[in-house]
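Source file: final.cif. Holds: mmCIF, C-alpha atoms, pLDDT in the B column; chains and numbers go by the auth columns.
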```cif
data_protein
#
loop_
_atom_site.group_PDB
_atom_site.id
_atom_site.type_symbol
_atom_site.label_atom_id
_atom_site.label_comp_id
_atom_site.label_asym_id
_atom_site.label_seq_id
_atom_site.Cartn_x
_atom_site.Cartn_y
_atom_site.Cartn_z
_atom_site.B_iso_or_equiv
_atom_site.auth_seq_id
_atom_site.auth_asym_id
ATOM 1 C CA MET A 1 -6.854 -30.245 10.722 42.00 171 E
ATOM 2 C CA ASN A 2 -8.098 -29.495 7.235 40.00 172 E
ATOM 3 C CA SER A 3 -5.685 -28.184 4.587 38.00 173 E
ATOM 4 C CA ILE A 4 -6.070 -24.492 3.792 35.00 174 E
ATOM 5 C CA GLU A 5 -5.518 -25.419 0.177 36.00 175 E
ATOM 6 C CA ASP A 6 -9.042 -25.813 -1.094 39.00 176 E
ATOM 7 C CA LYS A 7 -9.204 -27.406 -4.539 39.00 177 E
ATOM 8 C CA ASN A 8 -11.871 -24.899 -5.502 39.00 178 E
ATOM 9 C CA ASN A 9 -9.495 -22.019 -4.851 39.00 179 E
ATOM 10 C CA GLU A 10 -6.436 -23.744 -6.406 39.00 180 E
ATOM 11 C CA LEU A 11 -4.051 -21.906 -4.142 38.00 181 E
ATOM 12 C CA SER A 12 -0.435 -22.072 -5.208 40.00 182 E
ATOM 13 C CA LEU A 13 1.011 -21.632 -1.747 40.00 183 E
ATOM 14 C CA GLU A 14 3.033 -24.778 -2.425 40.00 184 E
ATOM 15 C CA LYS A 15 2.500 -27.928 -4.425 39.00 185 E
ATOM 16 C CA LYS A 16 2.328 -29.617 -1.063 39.00 186 E
ATOM 17 C CA SER A 17 -0.775 -29.206 1.064 39.00 187 E
ATOM 18 C CA LEU A 18 -0.302 -26.846 4.020 42.00 188 E
ATOM 19 C CA SER A 19 -2.391 -27.608 7.094 44.00 189 E
ATOM 20 C CA ARG A 20 -3.985 -24.898 9.217 42.00 190 E
ATOM 21 C CA ARG A 21 -1.859 -26.074 12.126 43.00 191 E
ATOM 22 C CA GLU A 22 1.310 -25.540 10.069 46.00 192 E
ATOM 23 C CA LEU A 23 0.148 -22.139 8.887 41.00 193 E
ATOM 24 C CA LEU A 24 -0.625 -20.963 12.391 40.00 194 E
ATOM 25 C CA ALA A 25 2.651 -22.301 13.720 42.00 195 E
ATOM 26 C CA ASN A 26 4.488 -20.371 11.045 44.00 196 E
ATOM 27 C CA THR A 27 2.550 -17.128 11.400 42.00 197 E
ATOM 28 C CA ALA A 28 1.429 -16.876 15.002 39.00 198 E
ATOM 29 C CA LEU A 29 2.501 -13.911 17.093 39.00 199 E
ATOM 30 C CA ILE A 30 2.141 -13.330 20.808 35.00 200 E
ATOM 31 C CA GLY A 31 -0.206 -10.716 22.195 38.00 201 E
ATOM 32 C CA ALA A 32 -3.949 -10.226 22.109 37.00 202 E
ATOM 33 C CA GLY A 33 -3.801 -7.638 19.380 40.00 203 E
ATOM 34 C CA LEU A 34 -1.076 -9.125 17.252 41.00 204 E
ATOM 35 C CA VAL A 35 -1.413 -10.246 13.723 39.00 205 E
ATOM 36 C CA VAL A 36 0.125 -13.211 12.199 39.00 206 E
ATOM 37 C CA SER A 37 2.353 -13.336 9.319 40.00 207 E
ATOM 38 C CA ASN A 38 0.248 -8.654 6.714 38.00 208 E
ATOM 39 C CA LEU A 39 -7.109 3.252 6.229 33.00 209 E
ATOM 40 C CA ALA A 40 -9.888 6.789 6.464 34.00 210 E
ATOM 41 C CA GLY A 41 -13.545 5.852 6.958 35.00 211 E
ATOM 42 C CA ALA A 42 -13.926 2.698 4.871 37.00 212 E
ATOM 43 C CA ALA A 43 -16.187 -0.267 5.548 39.00 213 E
ATOM 44 C CA THR A 44 -14.887 -3.157 7.628 42.00 214 E
ATOM 45 C CA PRO A 45 -13.515 -5.933 5.406 48.00 215 E
ATOM 46 C CA GLN A 46 -16.266 -8.531 5.727 51.00 216 E
ATOM 47 C CA ASN A 47 -18.833 -5.865 4.816 52.00 217 E
ATOM 48 C CA PHE A 48 -16.768 -4.509 1.943 52.00 218 E
ATOM 49 C CA ASN A 49 -18.873 -2.816 -0.709 55.00 219 E
ATOM 50 C CA ALA A 50 -17.317 -2.234 -4.109 51.00 220 E
ATOM 51 C CA ALA A 51 -19.348 0.953 -4.456 49.00 221 E
ATOM 52 C CA GLU A 52 -17.323 2.473 -1.641 54.00 222 E
ATOM 53 C CA ILE A 53 -14.146 2.462 -3.713 51.00 223 E
ATOM 54 C CA PRO A 54 -13.874 6.009 -5.078 52.00 224 E
ATOM 55 C CA LYS A 55 -13.948 6.764 -8.779 49.00 225 E
ATOM 56 C CA ARG A 56 -10.449 6.165 -9.978 47.00 226 E
ATOM 57 C CA ASN A 57 -7.908 7.078 -12.577 47.00 227 E
ATOM 58 C CA ILE A 58 -7.104 3.384 -12.914 52.00 228 E
ATOM 59 C CA ARG A 59 -9.300 2.242 -15.787 49.00 229 E
ATOM 60 C CA LYS A 60 -10.313 -0.979 -17.419 47.00 230 E
ATOM 61 C CA ASN A 61 -8.021 -2.107 -20.220 44.00 231 E
ATOM 62 C CA LYS A 62 -5.359 0.420 -19.226 56.00 232 E
ATOM 63 C CA SER A 63 -2.004 -0.893 -18.121 61.00 233 E
ATOM 64 C CA GLU A 64 -0.994 0.421 -14.706 92.00 234 E
ATOM 65 C CA ASN A 65 2.117 0.237 -12.589 98.00 235 E
ATOM 66 C CA VAL A 66 1.685 -1.460 -9.226 98.00 236 E
ATOM 67 C CA LEU A 67 4.171 -1.571 -6.349 98.00 237 E
ATOM 68 C CA ILE A 68 3.590 -4.310 -3.755 98.00 238 E
ATOM 69 C CA ILE A 69 5.420 -3.842 -0.459 99.00 239 E
ATOM 70 C CA ASN A 70 5.746 -6.884 1.804 98.00 240 E
ATOM 71 C CA ALA A 71 6.381 -5.648 5.355 97.00 241 E
ATOM 72 C CA HIS A 72 6.491 -9.044 7.041 96.00 242 E
ATOM 73 C CA GLN A 73 9.242 -9.549 9.606 94.00 243 E
ATOM 74 C CA ILE A 74 10.211 -13.092 10.556 88.00 244 E
ATOM 75 C CA TYR A 75 10.231 -14.216 14.186 84.00 245 E
ATOM 76 C CA LYS A 76 11.719 -17.702 14.280 82.00 246 E
ATOM 77 C CA GLY A 77 9.343 -20.267 15.712 75.00 247 E
ATOM 78 C CA ILE A 78 6.537 -17.729 15.826 75.00 248 E
ATOM 79 C CA SER A 79 5.972 -16.087 12.458 78.00 249 E
ATOM 80 C CA ALA A 80 7.521 -17.334 9.233 73.00 250 E
ATOM 81 C CA GLY A 81 5.438 -15.099 6.975 83.00 251 E
ATOM 82 C CA ARG A 82 3.866 -17.712 4.743 85.00 252 E
ATOM 83 C CA LEU A 83 0.401 -16.187 4.919 92.00 253 E
ATOM 84 C CA ASN A 84 1.600 -12.731 3.926 94.00 254 E
ATOM 85 C CA THR A 85 3.706 -14.212 1.127 94.00 255 E
ATOM 86 C CA THR A 86 0.631 -16.037 -0.150 96.00 256 E
ATOM 87 C CA LEU A 87 -1.412 -12.837 -0.115 98.00 257 E
ATOM 88 C CA VAL A 88 1.329 -11.008 -2.011 98.00 258 E
ATOM 89 C CA GLY A 89 1.039 -13.719 -4.665 97.00 259 E
ATOM 90 C CA VAL A 90 -2.732 -13.281 -4.820 98.00 260 E
ATOM 91 C CA ILE A 91 -2.340 -9.526 -5.233 98.00 261 E
ATOM 92 C CA GLN A 92 0.139 -10.002 -8.073 97.00 262 E
ATOM 93 C CA GLU A 93 -2.152 -12.485 -9.835 96.00 263 E
ATOM 94 C CA GLU A 94 -5.080 -10.078 -9.694 96.00 264 E
ATOM 95 C CA MET A 95 -3.011 -7.135 -10.896 96.00 265 E
ATOM 96 C CA GLU A 96 -1.666 -9.114 -13.826 95.00 266 E
ATOM 97 C CA LYS A 97 -5.219 -10.056 -14.825 94.00 267 E
ATOM 98 C CA PHE A 98 -5.741 -6.370 -15.556 93.00 268 E
ATOM 99 C CA GLY A 99 -2.521 -6.057 -17.510 95.00 269 E
ATOM 100 C CA CYS A 100 -0.609 -4.247 -14.787 96.00 270 E
ATOM 101 C CA SER A 101 3.157 -4.075 -14.508 97.00 271 E
ATOM 102 C CA VAL A 102 4.189 -5.161 -11.002 98.00 272 E
ATOM 103 C CA GLN A 103 7.257 -4.459 -8.903 98.00 273 E
ATOM 104 C CA HIS A 104 7.963 -5.867 -5.442 96.00 274 E
ATOM 105 C CA THR A 105 9.751 -4.773 -2.323 98.00 275 E
ATOM 106 C CA ALA A 106 10.268 -7.295 0.479 98.00 276 E
ATOM 107 C CA ILE A 107 11.558 -5.011 3.207 98.00 277 E
ATOM 108 C CA GLU A 108 13.241 -7.709 5.260 96.00 278 E
ATOM 109 C CA GLN A 109 15.319 -8.763 2.257 96.00 279 E
ATOM 110 C CA GLY A 110 16.848 -5.298 2.054 98.00 280 E
ATOM 111 C CA TYR A 111 16.284 -2.317 -0.224 98.00 281 E
ATOM 112 C CA ASN A 112 17.993 0.671 -1.792 98.00 282 E
ATOM 113 C CA ILE A 113 16.486 3.923 -0.550 98.00 283 E
ATOM 114 C CA ASP A 114 16.829 5.832 -3.821 98.00 284 E
ATOM 115 C CA ALA A 115 15.434 2.874 -5.765 98.00 285 E
ATOM 116 C CA GLU A 116 12.395 2.792 -3.472 99.00 286 E
ATOM 117 C CA VAL A 117 11.790 6.490 -4.097 98.00 287 E
ATOM 118 C CA GLN A 118 11.851 5.789 -7.829 98.00 288 E
ATOM 119 C CA LYS A 119 9.476 2.835 -7.432 98.00 289 E
ATOM 120 C CA HIS A 120 6.966 5.121 -5.714 98.00 290 E
ATOM 121 C CA LEU A 121 7.282 7.678 -8.510 98.00 291 E
ATOM 122 C CA TRP A 122 6.786 4.888 -11.071 98.00 292 E
ATOM 123 C CA ALA A 123 3.752 3.324 -9.378 98.00 293 E
ATOM 124 C CA ASP A 124 0.133 4.275 -9.992 97.00 294 E
ATOM 125 C CA LEU A 125 -1.029 1.978 -7.196 98.00 295 E
ATOM 126 C CA ILE A 126 0.919 1.063 -4.051 98.00 296 E
ATOM 127 C CA ILE A 127 -0.266 -1.891 -1.956 98.00 297 E
ATOM 128 C CA LEU A 128 1.186 -2.666 1.458 99.00 298 E
ATOM 129 C CA GLN A 129 0.873 -6.262 2.671 98.00 299 E
ATOM 130 C CA SER A 130 1.656 -6.494 6.364 97.00 300 E
ATOM 131 C CA PRO A 131 1.030 -8.405 9.549 96.00 301 E
ATOM 132 C CA VAL A 132 -0.122 -6.415 12.545 95.00 302 E
ATOM 133 C CA TYR A 133 2.364 -6.708 15.385 93.00 303 E
ATOM 134 C CA TRP A 134 1.236 -4.962 18.557 93.00 304 E
ATOM 135 C CA PHE A 135 -1.394 -2.912 16.718 94.00 305 E
ATOM 136 C CA ASN A 136 0.993 -1.627 14.072 95.00 306 E
ATOM 137 C CA THR A 137 3.213 -2.758 11.233 96.00 307 E
ATOM 138 C CA PRO A 138 6.540 -4.432 12.057 96.00 308 E
ATOM 139 C CA TRP A 139 9.201 -1.896 13.022 97.00 309 E
ATOM 140 C CA ILE A 140 11.152 -2.529 9.834 98.00 310 E
ATOM 141 C CA TYR A 141 8.304 -0.898 7.896 98.00 311 E
ATOM 142 C CA LYS A 142 8.485 2.259 10.015 98.00 312 E
ATOM 143 C CA LYS A 143 12.228 2.376 9.352 98.00 313 E
ATOM 144 C CA TYR A 144 11.526 1.939 5.637 99.00 314 E
ATOM 145 C CA VAL A 145 9.061 4.836 5.624 98.00 315 E
ATOM 146 C CA ASP A 146 11.389 7.089 7.603 98.00 316 E
ATOM 147 C CA GLU A 147 14.251 6.447 5.197 99.00 317 E
ATOM 148 C CA VAL A 148 12.365 6.483 1.893 98.00 318 E
ATOM 149 C CA PHE A 149 9.993 9.357 2.607 98.00 319 E
ATOM 150 C CA THR A 150 12.710 11.508 4.166 97.00 320 E
ATOM 151 C CA ALA A 151 14.976 10.992 1.150 98.00 321 E
ATOM 152 C CA ALA A 152 12.084 11.916 -1.141 97.00 322 E
ATOM 153 C CA MET A 153 11.248 14.972 0.952 95.00 323 E
ATOM 154 C CA LEU A 154 14.820 16.258 0.881 95.00 324 E
ATOM 155 C CA SER A 155 14.905 15.915 -2.895 94.00 325 E
ATOM 156 C CA GLY A 156 11.448 17.461 -3.345 93.00 326 E
ATOM 157 C CA LYS A 157 10.048 14.347 -4.997 95.00 327 E
ATOM 158 C CA PHE A 158 7.052 13.534 -2.767 96.00 328 E
ATOM 159 C CA ILE A 159 6.225 16.932 -1.267 94.00 329 E
ATOM 160 C CA THR A 160 7.073 20.626 -1.673 91.00 330 E
ATOM 161 C CA GLY A 161 6.316 21.424 1.975 91.00 331 E
ATOM 162 C CA ASP A 162 3.529 20.838 4.475 87.00 332 E
ATOM 163 C CA GLY A 163 1.023 22.812 2.410 87.00 333 E
ATOM 164 C CA ARG A 164 0.819 25.981 4.487 93.00 334 E
ATOM 165 C CA THR A 165 2.083 29.371 3.336 89.00 335 E
ATOM 166 C CA ARG A 166 2.551 32.688 5.092 90.00 336 E
ATOM 167 C CA GLU A 167 0.845 34.395 2.162 90.00 337 E
ATOM 168 C CA ASP A 168 -2.362 32.339 2.275 89.00 338 E
ATOM 169 C CA SER A 169 -3.743 31.326 5.664 88.00 339 E
ATOM 170 C CA SER A 170 -6.425 29.179 4.009 91.00 340 E
ATOM 171 C CA LYS A 171 -3.855 26.611 2.903 90.00 341 E
ATOM 172 C CA GLN A 172 -4.164 23.535 5.109 92.00 342 E
ATOM 173 C CA TYR A 173 -1.480 21.445 6.740 90.00 343 E
ATOM 174 C CA GLY A 174 -0.983 18.248 4.780 87.00 344 E
ATOM 175 C CA THR A 175 -1.693 19.691 1.332 84.00 345 E
ATOM 176 C CA GLY A 176 1.862 20.032 0.033 87.00 346 E
ATOM 177 C CA GLY A 177 2.122 16.621 -1.588 90.00 347 E
ATOM 178 C CA THR A 178 3.040 16.091 -5.225 92.00 348 E
ATOM 179 C CA LEU A 179 1.855 12.491 -5.699 96.00 349 E
ATOM 180 C CA GLN A 180 -1.716 13.271 -6.769 96.00 350 E
ATOM 181 C CA GLY A 181 -3.233 10.593 -8.992 95.00 351 E
ATOM 182 C CA LYS A 182 -1.576 7.737 -7.130 97.00 352 E
ATOM 183 C CA LYS A 183 -3.483 5.307 -4.896 97.00 353 E
ATOM 184 C CA TYR A 184 -2.536 3.447 -1.723 98.00 354 E
ATOM 185 C CA MET A 185 -4.115 0.360 -0.184 98.00 355 E
ATOM 186 C CA VAL A 186 -3.269 -1.549 2.968 98.00 356 E
ATOM 187 C CA SER A 187 -3.827 -5.317 3.303 98.00 357 E
ATOM 188 C CA LEU A 188 -3.410 -6.644 6.836 97.00 358 E
ATOM 189 C CA THR A 189 -3.478 -9.908 8.779 96.00 359 E
ATOM 190 C CA TRP A 190 -4.880 -9.662 12.300 93.00 360 E
ATOM 191 C CA ASN A 191 -5.301 -11.844 15.344 89.00 361 E
ATOM 192 C CA ALA A 192 -8.088 -9.437 16.334 92.00 362 E
ATOM 193 C CA PRO A 193 -11.561 -10.642 15.253 90.00 363 E
ATOM 194 C CA GLU A 194 -13.665 -8.526 12.916 93.00 364 E
ATOM 195 C CA GLU A 195 -16.287 -7.861 15.581 95.00 365 E
ATOM 196 C CA SER A 196 -13.769 -5.969 17.707 93.00 366 E
ATOM 197 C CA PHE A 197 -13.929 -3.110 15.180 95.00 367 E
ATOM 198 C CA GLY A 198 -16.727 -0.651 14.500 95.00 368 E
ATOM 199 C CA ASP A 199 -18.573 -1.449 17.733 94.00 369 E
ATOM 200 C CA LYS A 200 -18.623 1.133 20.523 96.00 370 E
ATOM 201 C CA ASN A 201 -19.357 -1.634 23.022 96.00 371 E
ATOM 202 C CA GLN A 202 -15.996 -3.280 22.303 94.00 372 E
ATOM 203 C CA ARG A 203 -13.559 -2.310 25.041 95.00 373 E
ATOM 204 C CA LEU A 204 -10.326 -2.100 23.087 93.00 374 E
ATOM 205 C CA PHE A 205 -11.089 -0.146 19.916 93.00 375 E
ATOM 206 C CA GLU A 206 -14.274 1.561 21.200 94.00 376 E
ATOM 207 C CA GLY A 207 -15.982 1.754 17.817 92.00 377 E
ATOM 208 C CA LYS A 208 -12.932 2.499 15.700 94.00 378 E
ATOM 209 C CA THR A 209 -12.617 0.819 12.315 95.00 379 E
ATOM 210 C CA VAL A 210 -9.449 -0.757 10.951 94.00 380 E
ATOM 211 C CA ASP A 211 -8.917 2.390 8.917 95.00 381 E
ATOM 212 C CA ASP A 212 -9.223 4.495 12.068 94.00 382 E
ATOM 213 C CA VAL A 213 -6.681 2.343 13.880 94.00 383 E
ATOM 214 C CA PHE A 214 -4.244 2.510 10.965 96.00 384 E
ATOM 215 C CA VAL A 215 -4.644 6.194 10.102 96.00 385 E
ATOM 216 C CA GLN A 216 -1.055 6.871 11.191 94.00 386 E
ATOM 217 C CA ASN A 217 0.018 4.552 8.384 96.00 387 E
ATOM 218 C CA THR A 218 -2.137 5.933 5.599 97.00 388 E
ATOM 219 C CA ALA A 219 -1.491 9.525 6.701 96.00 389 E
ATOM 220 C CA ASN A 220 2.069 9.228 5.373 97.00 390 E
ATOM 221 C CA TYR A 221 0.717 8.760 1.871 97.00 391 E
ATOM 222 C CA LYS A 222 -2.183 11.177 2.179 97.00 392 E
ATOM 223 C CA PHE A 223 0.290 13.853 3.318 96.00 393 E
ATOM 224 C CA CYS A 224 2.069 13.338 -0.016 97.00 394 E
ATOM 225 C CA GLY A 225 -1.135 13.716 -2.054 96.00 395 E
ATOM 226 C CA VAL A 226 -1.941 10.029 -2.532 97.00 396 E
ATOM 227 C CA GLU A 227 -5.558 8.842 -2.504 97.00 397 E
ATOM 228 C CA ILE A 228 -6.289 6.245 0.189 97.00 398 E
ATOM 229 C CA LEU A 229 -8.353 3.214 -0.813 97.00 399 E
ATOM 230 C CA PRO A 230 -10.387 1.065 1.594 96.00 400 E
ATOM 231 C CA SER A 231 -8.188 -1.333 3.539 97.00 401 E
ATOM 232 C CA PHE A 232 -8.428 -5.117 3.502 97.00 402 E
ATOM 233 C CA SER A 233 -8.052 -7.342 6.558 96.00 403 E
ATOM 234 C CA CYS A 234 -7.832 -11.033 7.334 96.00 404 E
ATOM 235 C CA HIS A 235 -9.219 -11.244 10.876 95.00 405 E
ATOM 236 C CA ASP A 236 -8.915 -13.791 13.674 91.00 406 E
ATOM 237 C CA VAL A 237 -6.206 -15.717 11.871 90.00 407 E
ATOM 238 C CA MET A 238 -5.002 -17.352 15.081 86.00 408 E
ATOM 239 C CA LYS A 239 -8.133 -18.867 16.583 89.00 409 E
ATOM 240 C CA ASN A 240 -10.606 -18.900 13.727 92.00 410 E
ATOM 241 C CA PRO A 241 -8.810 -18.662 10.364 90.00 411 E
ATOM 242 C CA LYS A 242 -10.862 -18.533 7.171 93.00 412 E
ATOM 243 C CA ILE A 243 -8.012 -18.336 4.701 94.00 413 E
ATOM 244 C CA ASP A 244 -9.869 -19.491 1.589 96.00 414 E
ATOM 245 C CA ALA A 245 -12.732 -17.078 2.224 97.00 415 E
ATOM 246 C CA ASP A 246 -10.285 -14.269 2.968 96.00 416 E
ATOM 247 C CA ILE A 247 -8.480 -14.823 -0.314 97.00 417 E
ATOM 248 C CA ALA A 248 -11.776 -14.792 -2.204 98.00 418 E
ATOM 249 C CA ARG A 249 -12.684 -11.472 -0.548 97.00 419 E
ATOM 250 C CA LEU A 250 -9.272 -10.029 -1.368 98.00 420 E
ATOM 251 C CA ARG A 251 -9.628 -10.971 -5.032 97.00 421 E
ATOM 252 C CA LYS A 252 -13.057 -9.338 -5.144 96.00 422 E
ATOM 253 C CA GLN A 253 -11.838 -6.132 -3.528 96.00 423 E
ATOM 254 C CA LEU A 254 -8.813 -5.855 -5.812 96.00 424 E
ATOM 255 C CA SER A 255 -10.960 -6.457 -8.879 94.00 425 E
ATOM 256 C CA ALA A 256 -13.322 -3.673 -7.786 93.00 426 E
ATOM 257 C CA ILE A 257 -10.472 -1.157 -7.954 90.00 427 E
ATOM 258 C CA PHE A 258 -10.537 -1.579 -11.722 86.00 428 E
ATOM 259 C CA THR A 259 -14.103 -2.596 -12.531 82.00 429 E
ATOM 260 C CA ASN A 260 -15.541 0.335 -10.544 69.00 430 E
ATOM 261 C CA ALA A 261 -13.455 2.831 -12.496 54.00 431 E
#
```
Output the file's structure in the form of structure tokens.
Amino acid sequence: MNSIEDKNNELSLEKKSLSRRELLANTALIGAGLVVSNLAGAATPQNFNAAEIPKRNIRKNKSENVLIINAHQIYKGISAGRLNTTLVGVIQEEMEKFGCSVQHTAIEQGYNIDAEVQKHLWADLIILQSPVYWFNTPWIYKKYVDEVFTAAMLSGKFITGDGRTREDSSKQYGTGGTLQGKKYMVSLTWNAPEESFGDKNQRLFEGKTVDDVFVQNTANYKFCGVEILPSFSCHDVMKNPKIDADIARLRKQLSAIFTNA
């Protein structure tokens, strides 16, 4: 097997070369729709178009605060999380190129709920890096969201309500957020191939995009007033991995967040 460390990409996964076989052994997960080792109406990742990133408050030459959340959950002998850890490193490198300040949360390593609320208030851009386990994030991420968002709700820091009022029937549900101006992006690793999305002839997703499938994830942030950016996905990482190409695409998409501003 060829090493996934291509000299042209100069990946810093480790000083030692990591073979595809080793990567898959460390990140594989059971199930047809699982992802190995980490969302409305955006293009599918391989067809990503920088023009589709909305005009942003994040500007060139302006320092921004970025929170990277690593949602990987280790399953011994199945998924060690090396791929997601590598992608977190790529994200940090790209953010630092634009002079951003970066904070991390690795959910599995533990977290303080109040500190996570403050990190969200500090951040201009929040990026979730996650594997897809059974068509969703690992359960530890759902627990994280329940705890952090509920604490923020009770203290009035993310929302003031659900947006509706008895005085004004035109107010819509989901418009009570207070985090306007912040952005959220999801980066995922899938076993599912790219062609299984956006094609009505595909039996499982029936034409849905990645962003359609993960709307329950991005809705948490949209409910709080956060703008949702196009998602990124590494597809088919079990049977047909293209890690170097995926990393190059990720760098391009992250760069477009700033250069398209």
**OP:** Kindly give the distance, in Å, that separates CA of Thr256 in chain E and CA of Gln386 in chain E, rounded to a single decimal.
**Re:**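 Between CA of Thr256 in chain E and CA of Gln386 in chain E the gap is 25.6 Å.
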Original post:
From the set E:Phe367, E:Trp360, E:Phe402, E:Phe328, which residue has the shortest atom-to-atom contact distance to Gly347 in chain E, counting all atoms listed in the file?
Top reply: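 The closest residue to Gly347 in chain E is E:Phe328.
You will find CA of Ser425 in chain E at 19.5 Å from CA of Thr359 in chain E.
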Original post:
Closest to Ala418 in chain E among E:Leu324, E:Ile248, E:Val260, E:Val236, using only C-alpha atoms?
Top reply: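 Checking each candidate against Ala418 in chain E, we get E:Val260 as the closest.
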Original post:
Suppose you want the space between CA of Ser271 in chain E and CA of Tyr311 in chain E; what is it in Å?
Top reply: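 Here the two named atoms are 23.2 Å from each other.
Of the residues under consideration (E:Thr307, E:Thr320, E:Lys412, E:Lys422), E:Thr307 shows the shortest atom-to-atom contact distance to Val385 in chain E when counting only C-alpha atoms.
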**OP:** Starting from the shown file, work through the PyMOL selection byres ((chain E and resi 261) around 10) and note down what comes out as a PyMOL selection string.
**Re:** chain E and resi 236+238+255-260+262-266+272+297+299+357+417+420-421+424-425
Any chance you could export the current selection's C-alpha atoms as a PDB file, keeping the file's coordinate frame?
```pdb
ATOM      1  CA  VAL E 236       1.685  -1.460  -9.226  1.00 98.00           C
ATOM      2  CA  ILE E 238       3.590  -4.310  -3.755  1.00 98.00           C
ATOM      3  CA  THR E 255       3.706 -14.212   1.127  1.00 94.00           C
ATOM      4  CA  THR E 256       0.631 -16.037  -0.150  1.00 96.00           C
ATOM      5  CA  LEU E 257      -1.412 -12.837  -0.115  1.00 98.00           C
ATOM      6  CA  VAL E 258       1.329 -11.008  -2.011  1.00 98.00           C
ATOM      7  CA  GLY E 259       1.039 -13.719  -4.665  1.00 97.00           C
ATOM      8  CA  VAL E 260      -2.732 -13.281  -4.820  1.00 98.00           C
ATOM      9  CA  GLN E 262       0.139 -10.002  -8.073  1.00 97.00           C
ATOM     10  CA  GLU E 263      -2.152 -12.485  -9.835  1.00 96.00           C
ATOM     11  CA  GLU E 264      -5.080 -10.078  -9.694  1.00 96.00           C
ATOM     12  CA  MET E 265      -3.011  -7.135 -10.896  1.00 96.00           C
ATOM     13  CA  GLU E 266      -1.666  -9.114 -13.826  1.00 95.00           C
ATOM     14  CA  VAL E 272       4.189  -5.161 -11.002  1.00 98.00           C
ATOM     15  CA  ILE E 297      -0.266  -1.891  -1.956  1.00 98.00           C
ATOM     16  CA  GLN E 299       0.873  -6.262   2.671  1.00 98.00           C
ATOM     17  CA  SER E 357      -3.827  -5.317   3.303  1.00 98.00           C
ATOM     18  CA  ILE E 417      -8.480 -14.823  -0.314  1.00 97.00           C
ATOM     19  CA  LEU E 420      -9.272 -10.029  -1.368  1.00 98.00           C
ATOM     20  CA  ARG E 421      -9.628 -10.971  -5.032  1.00 97.00           C
ATOM     21  CA  LEU E 424      -8.813  -5.855  -5.812  1.00 96.00           C
ATOM     22  CA  SER E 425     -10.960  -6.457  -8.879  1.00 94.00           C
TER      23      SER E 425
END
```
**OP:** For each of E:Gly251, E:Thr335, E:Pro400, E:Asn410, take the minimum atom-to-atom distance to Ala426 in chain E, counting all atoms listed in the file, then give the residue where this is smallest.
**Re:**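 Nearest candidate to Ala426 in chain E out of E:Gly251, E:Thr335, E:Pro400, E:Asn410: E:Pro400.
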Original post:
If you apply the PyMOL selection byres ((chain E and resi 285) around 12) to this file, what residues do you get, as a list in words?
Top reply: Gln273, His274, Thr275, Gly280, Tyr281, Asn282, Ile283, Asp284, Glu286, Val287, Gln288, Lys289, His290, Leu291, Trp292, Glu317, Val318, Phe319, Ala321 and Ala322 of chain E
Please save C-alpha atoms of the selected residues as a PDB file, keeping the file's coordinate frame.
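Wrote it out as selection07.pdb, contents follow:
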```
ATOM      1  CA  GLN E 273       7.257  -4.459  -8.903  1.00 98.00           C
ATOM      2  CA  HIS E 274       7.963  -5.867  -5.442  1.00 96.00           C
ATOM      3  CA  THR E 275       9.751  -4.773  -2.323  1.00 98.00           C
ATOM      4  CA  GLY E 280      16.848  -5.298   2.054  1.00 98.00           C
ATOM      5  CA  TYR E 281      16.284  -2.317  -0.224  1.00 98.00           C
ATOM      6  CA  ASN E 282      17.993   0.671  -1.792  1.00 98.00           C
ATOM      7  CA  ILE E 283      16.486   3.923  -0.550  1.00 98.00           C
ATOM      8  CA  ASP E 284      16.829   5.832  -3.821  1.00 98.00           C
ATOM      9  CA  GLU E 286      12.395   2.792  -3.472  1.00 99.00           C
ATOM     10  CA  VAL E 287      11.790   6.490  -4.097  1.00 98.00           C
ATOM     11  CA  GLN E 288      11.851   5.789  -7.829  1.00 98.00           C
ATOM     12  CA  LYS E 289       9.476   2.835  -7.432  1.00 98.00           C
ATOM     13  CA  HIS E 290       6.966   5.121  -5.714  1.00 98.00           C
ATOM     14  CA  LEU E 291       7.282   7.678  -8.510  1.00 98.00           C
ATOM     15  CA  TRP E 292       6.786   4.888 -11.071  1.00 98.00           C
ATOM     16  CA  GLU E 317      14.251   6.447   5.197  1.00 99.00           C
ATOM     17  CA  VAL E 318      12.365   6.483   1.893  1.00 98.00           C
ATOM     18  CA  PHE E 319       9.993   9.357   2.607  1.00 98.00           C
ATOM     19  CA  ALA E 321      14.976  10.992   1.150  1.00 98.00           C
ATOM     20  CA  ALA E 322      12.084  11.916  -1.141  1.00 97.00           C
TER      21      ALA E 322
END
```
Original post:
Could you spell out the hits of the PyMOL selection byres ((chain E and resi 405) around 6) on the shown file, as a ChimeraX atom specification?
Top reply: /E:360-364,403-404,406-407
Subject >> Shell around Lys353 in chain E at 7 Å using only C-alpha atoms, local window under 3 positions removed, as number ranges by chain >> reply: E: 294-296, 396-399
I'd like a table as CSV: residues in range 276-386 of chain E with an atom no more than 12 Å from range 241-246 of chain E, each row giving the shortest atom pair and its distance in Å to one decimal, all atoms listed in the file counted, sorted by chain and rising residue number.
```
residue,atom,partner,partner_atom,distance
E:Ala276,CA,E:Ala241,CA,6.4
E:Ile277,CA,E:Ala241,CA,5.6
E:Glu278,CA,E:Gln243,CA,6.2
E:Gln279,CA,E:Gln243,CA,9.6
E:Gly280,CA,E:Ala241,CA,11.0
E:Tyr281,CA,E:Ala241,CA,11.8
E:Ile297,CA,E:Ala241,CA,10.6
E:Leu298,CA,E:Ala241,CA,7.1
E:Gln299,CA,E:Ala241,CA,6.2
E:Ser300,CA,E:Ala241,CA,4.9
E:Pro301,CA,E:His242,CA,6.0
E:Val302,CA,E:His242,CA,9.0
E:Tyr303,CA,E:Gln243,CA,9.4
E:Asn306,CA,E:Ala241,CA,11.0
E:Thr307,CA,E:Ala241,CA,7.3
E:Pro308,CA,E:Gln243,CA,6.3
E:Trp309,CA,E:Gln243,CA,8.4
E:Ile310,CA,E:Ala241,CA,7.2
E:Tyr311,CA,E:Ala241,CA,5.7
E:Lys312,CA,E:Ala241,CA,9.4
E:Lys313,CA,E:Ala241,CA,10.7
E:Tyr314,CA,E:Ala241,CA,9.2
E:Val315,CA,E:Ala241,CA,10.8
E:Val356,CA,E:Ala241,CA,10.8
E:Ser357,CA,E:Ala241,CA,10.4
E:Leu358,CA,E:Ala241,CA,10.0
E:Thr359,CA,E:His242,CA,10.2
```
